[in-house]
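Enquirer: Okay, so here is structure-v4.txt, and as you'll see once you scroll down, it has compact mmCIF, C-alpha atoms.
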# COMPACT_ATOMS: atom_id res chain seq x y z
CA MET N 1 -36.44 4.94 -22.28
CA LYS N 2 -37.10 6.08 -18.73
CA GLU N 3 -34.23 6.56 -16.34
CA LEU N 4 -34.15 4.05 -13.52
CA ASP N 5 -32.28 4.04 -10.23
CA VAL N 6 -32.43 1.99 -7.06
CA ALA N 7 -34.13 4.67 -4.95
CA HIS N 8 -36.84 5.20 -7.57
CA LEU N 9 -37.54 1.47 -7.83
CA GLN N 10 -37.61 1.08 -4.05
CA ARG N 11 -40.14 3.94 -3.84
CA ARG N 12 -42.30 2.29 -6.52
CA LEU N 13 -42.19 -1.04 -4.67
CA ALA N 14 -43.05 0.65 -1.36
CA ASP N 15 -45.93 2.57 -2.97
CA PHE N 16 -47.22 -0.62 -4.59
CA ALA N 17 -47.18 -2.45 -1.24
CA ALA N 18 -48.71 0.49 0.64
CA ALA N 19 -51.60 0.78 -1.83
CA ARG N 20 -52.45 -2.84 -1.05
CA ASP N 21 -51.76 -2.58 2.70
CA TRP N 22 -49.05 -5.22 2.46
CA GLN N 23 -46.55 -3.48 4.78
CA PRO N 24 -47.48 -5.65 7.80
CA TYR N 25 -46.29 -8.68 5.81
CA HIS N 26 -43.06 -7.07 4.62
CA THR N 27 -40.99 -8.02 7.64
CA PRO N 28 -37.30 -8.83 7.18
CA LYS N 29 -38.05 -12.53 7.77
CA ASN N 30 -40.86 -12.65 5.20
CA LEU N 31 -38.90 -10.67 2.61
CA ALA N 32 -35.80 -12.85 3.04
CA THR N 33 -37.97 -15.95 2.70
CA ALA N 34 -39.67 -14.59 -0.42
CA LEU N 35 -36.25 -13.69 -1.85
CA SER N 36 -35.09 -17.28 -1.31
CA VAL N 37 -38.22 -18.68 -2.96
CA GLU N 38 -37.83 -16.43 -6.01
CA ALA N 39 -34.12 -17.28 -6.30
CA SER N 40 -35.10 -20.96 -6.21
CA GLU N 41 -37.60 -20.36 -9.01
CA LEU N 42 -34.77 -18.85 -11.06
CA VAL N 43 -32.54 -21.85 -10.30
CA GLU N 44 -35.36 -24.20 -11.32
CA ILE N 45 -35.21 -22.90 -14.90
CA PHE N 46 -31.56 -23.98 -15.14
CA GLN N 47 -31.81 -27.12 -13.00
CA TRP N 48 -31.44 -29.82 -15.64
CA LEU N 49 -29.72 -27.85 -18.38
CA THR N 50 -26.20 -28.64 -19.45
CA PRO N 51 -23.70 -25.79 -19.09
CA GLN N 52 -23.95 -25.24 -22.85
CA GLU N 53 -27.76 -25.17 -22.79
CA SER N 54 -27.69 -22.69 -19.91
CA GLU N 55 -25.54 -20.33 -21.98
CA ARG N 56 -28.26 -20.29 -24.67
CA VAL N 57 -31.24 -19.93 -22.31
CA MET N 58 -32.08 -16.45 -23.58
CA ASP N 59 -32.34 -17.69 -27.18
CA ASP N 60 -35.81 -19.12 -26.55
CA PRO N 61 -38.30 -16.24 -26.11
CA ASP N 62 -40.53 -18.11 -23.64
CA THR N 63 -37.62 -19.17 -21.46
CA ALA N 64 -36.03 -15.73 -21.74
CA HIS N 65 -39.28 -14.20 -20.49
CA ARG N 66 -39.36 -16.60 -17.51
CA VAL N 67 -35.72 -15.86 -16.64
CA THR N 68 -36.30 -12.11 -16.90
CA ASP N 69 -39.39 -12.29 -14.68
CA GLU N 70 -37.60 -14.34 -12.02
CA VAL N 71 -34.61 -11.98 -12.04
CA ALA N 72 -37.07 -9.10 -11.55
CA ASP N 73 -38.75 -10.93 -8.65
CA VAL N 74 -35.39 -11.61 -6.97
CA LEU N 75 -34.33 -7.99 -7.37
CA ALA N 76 -37.69 -6.70 -6.13
CA TYR N 77 -37.54 -8.69 -2.91
CA LEU N 78 -33.87 -7.82 -2.39
CA LEU N 79 -34.60 -4.10 -2.81
CA GLN N 80 -37.57 -4.33 -0.46
CA LEU N 81 -35.44 -6.13 2.14
CA CYS N 82 -32.76 -3.44 1.84
CA GLU N 83 -35.41 -0.74 2.25
CA VAL N 84 -36.84 -2.33 5.40
CA LEU N 85 -33.37 -2.87 6.92
CA ASP N 86 -32.05 0.53 5.77
CA ILE N 87 -29.25 -1.00 3.71
CA ASP N 88 -27.83 0.93 0.78
CA ALA N 89 -27.56 -1.97 -1.68
CA LEU N 90 -25.07 -0.26 -3.97
CA ALA N 91 -22.82 0.85 -1.10
CA ALA N 92 -22.99 -2.67 0.37
CA LEU N 93 -21.96 -4.18 -2.95
CA ASP N 94 -19.16 -1.66 -3.43
CA ALA N 95 -17.79 -2.42 0.04
CA LYS N 96 -18.05 -6.17 -0.58
CA ILE N 97 -16.09 -5.87 -3.84
CA ASP N 98 -13.41 -3.92 -1.94
CA ARG N 99 -13.18 -6.71 0.67
CA ASN N 100 -13.08 -9.40 -2.02
CA GLU N 101 -10.27 -7.59 -3.84
CA GLU N 102 -8.26 -7.76 -0.62
CA ARG N 103 -9.19 -11.38 0.13
CA PHE N 104 -8.58 -12.63 -3.41
CA PRO N 105 -5.67 -10.72 -4.93
CA VAL N 106 -4.92 -11.08 -8.63
CA PRO N 107 -2.47 -13.96 -9.02
CA GLY N 108 1.03 -12.68 -9.75
CA ALA N 109 0.13 -9.06 -9.01
CA ASP N 110 2.56 -8.87 -6.08
Would you write the structure of this file as structure tokens?
Expert:
Amino acid sequence: MKELDVAHLQRRLADFAAARDWQPYHTPKNLATALSVEASELVEIFQWLTPQESERVMDDPDTAHRVTDEVADVLAYLLQLCEVLDIDALAALDAKIDRNEERFPVPGAD
């Protein structure tokens, strides 16, 4: 299994777009819009499922493949948006978790 990291995947996405001369279209607005569309396509898979059905969504190979593809699309556009805006996605998430831990303390941990 090959080793993956965010920087490597961002480079692959940038190279893919560059080879097709797509950079002019990869503006923050367009990437954020595409991210929203792909997230909506992921939501669509779950739209009419019961909570119990949603927990078993990966049991069906065809549905599991669709979910996996949509997750990949969401992540791809998010990583491309972070690249264009020079955001370190992992550092941003780490900082957000820190803020959330302060905002939402563990009940009874005082």
Enquirer: How far is it from CA of Ile45 (chain N) to CA of Leu78 (chain N), in Å with one decimal?
Expert: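 Rounded to one decimal, the two atoms are 19.6 Å apart.
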Enquirer: Mind giving me the straight-line distance from CA of Val6 (chain N) to CA of Ala76 (chain N) in Å, one decimal?
Expert: 10.2 Å
Enquirer: Neighbouring residues of Val67 (chain N) were defined as those with any atom within 8 Å, considering all atoms listed in the file; residues of the same chain fewer than 3 positions away were excluded. Please report them as JSON, numbers by chain.
Expert: {"N": [42, 45, 58, 63, 64, 70, 71]}
Enquirer: Which is closest to Val84 (chain N) among N:Arg66, N:Arg12, N:His26, N:Glu53, if we use all atoms listed in the file?
Expert: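 That would be N:His26, the residue with the smallest distance to Val84 (chain N).
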Enquirer: Would you mind reading off the distance between CA of Tyr77 (chain N) and CA of Glu101 (chain N), one decimal, in Å?
Expert: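 The value is 27.3 Å.
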Enquirer: Taking all atoms listed in the file into account, which of N:Glu44, N:Glu102, N:Glu83, N:Asp94 comes nearest Arg11 (chain N)?
Expert: N:Glu83
Enquirer: Go through N:Val57, N:Ala89, N:Leu9, N:Leu49 and flag the residue nearest Ala72 (chain N), using all atoms listed in the file for the distances.
Expert: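 Among the listed residues, N:Leu9 lies closest to Ala72 (chain N).
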Enquirer: Kindly indicate which residue among N:Ile97, N:Ala19, N:Ile87, N:Ala34 lies nearest to Val74 (chain N), using only C-alpha atoms for the distances.
Expert: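 Smallest distance to Val74 (chain N) is found for N:Ala34.
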Enquirer: From the set N:Leu81, N:Ala95, N:Leu90, N:Val106, which residue has the shortest atom-to-atom contact distance to Asp5 (chain N), counting only C-alpha atoms?
Expert: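 Using only C-alpha atoms, Asp5 (chain N) sits closest to N:Leu90.
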Enquirer: Determine the axis-aligned bounding box of all atoms of region 10-24 of chain N present in the file, pad each side by 8 Å, and express its centre and edge lengths in Å to one decimal place as lines of an AutoDock Vina configuration file.
Expert:
center_x = -45.0
center_y = -0.9
center_z = 0.6
size_x = 30.8
size_y = 25.6
size_z = 30.3
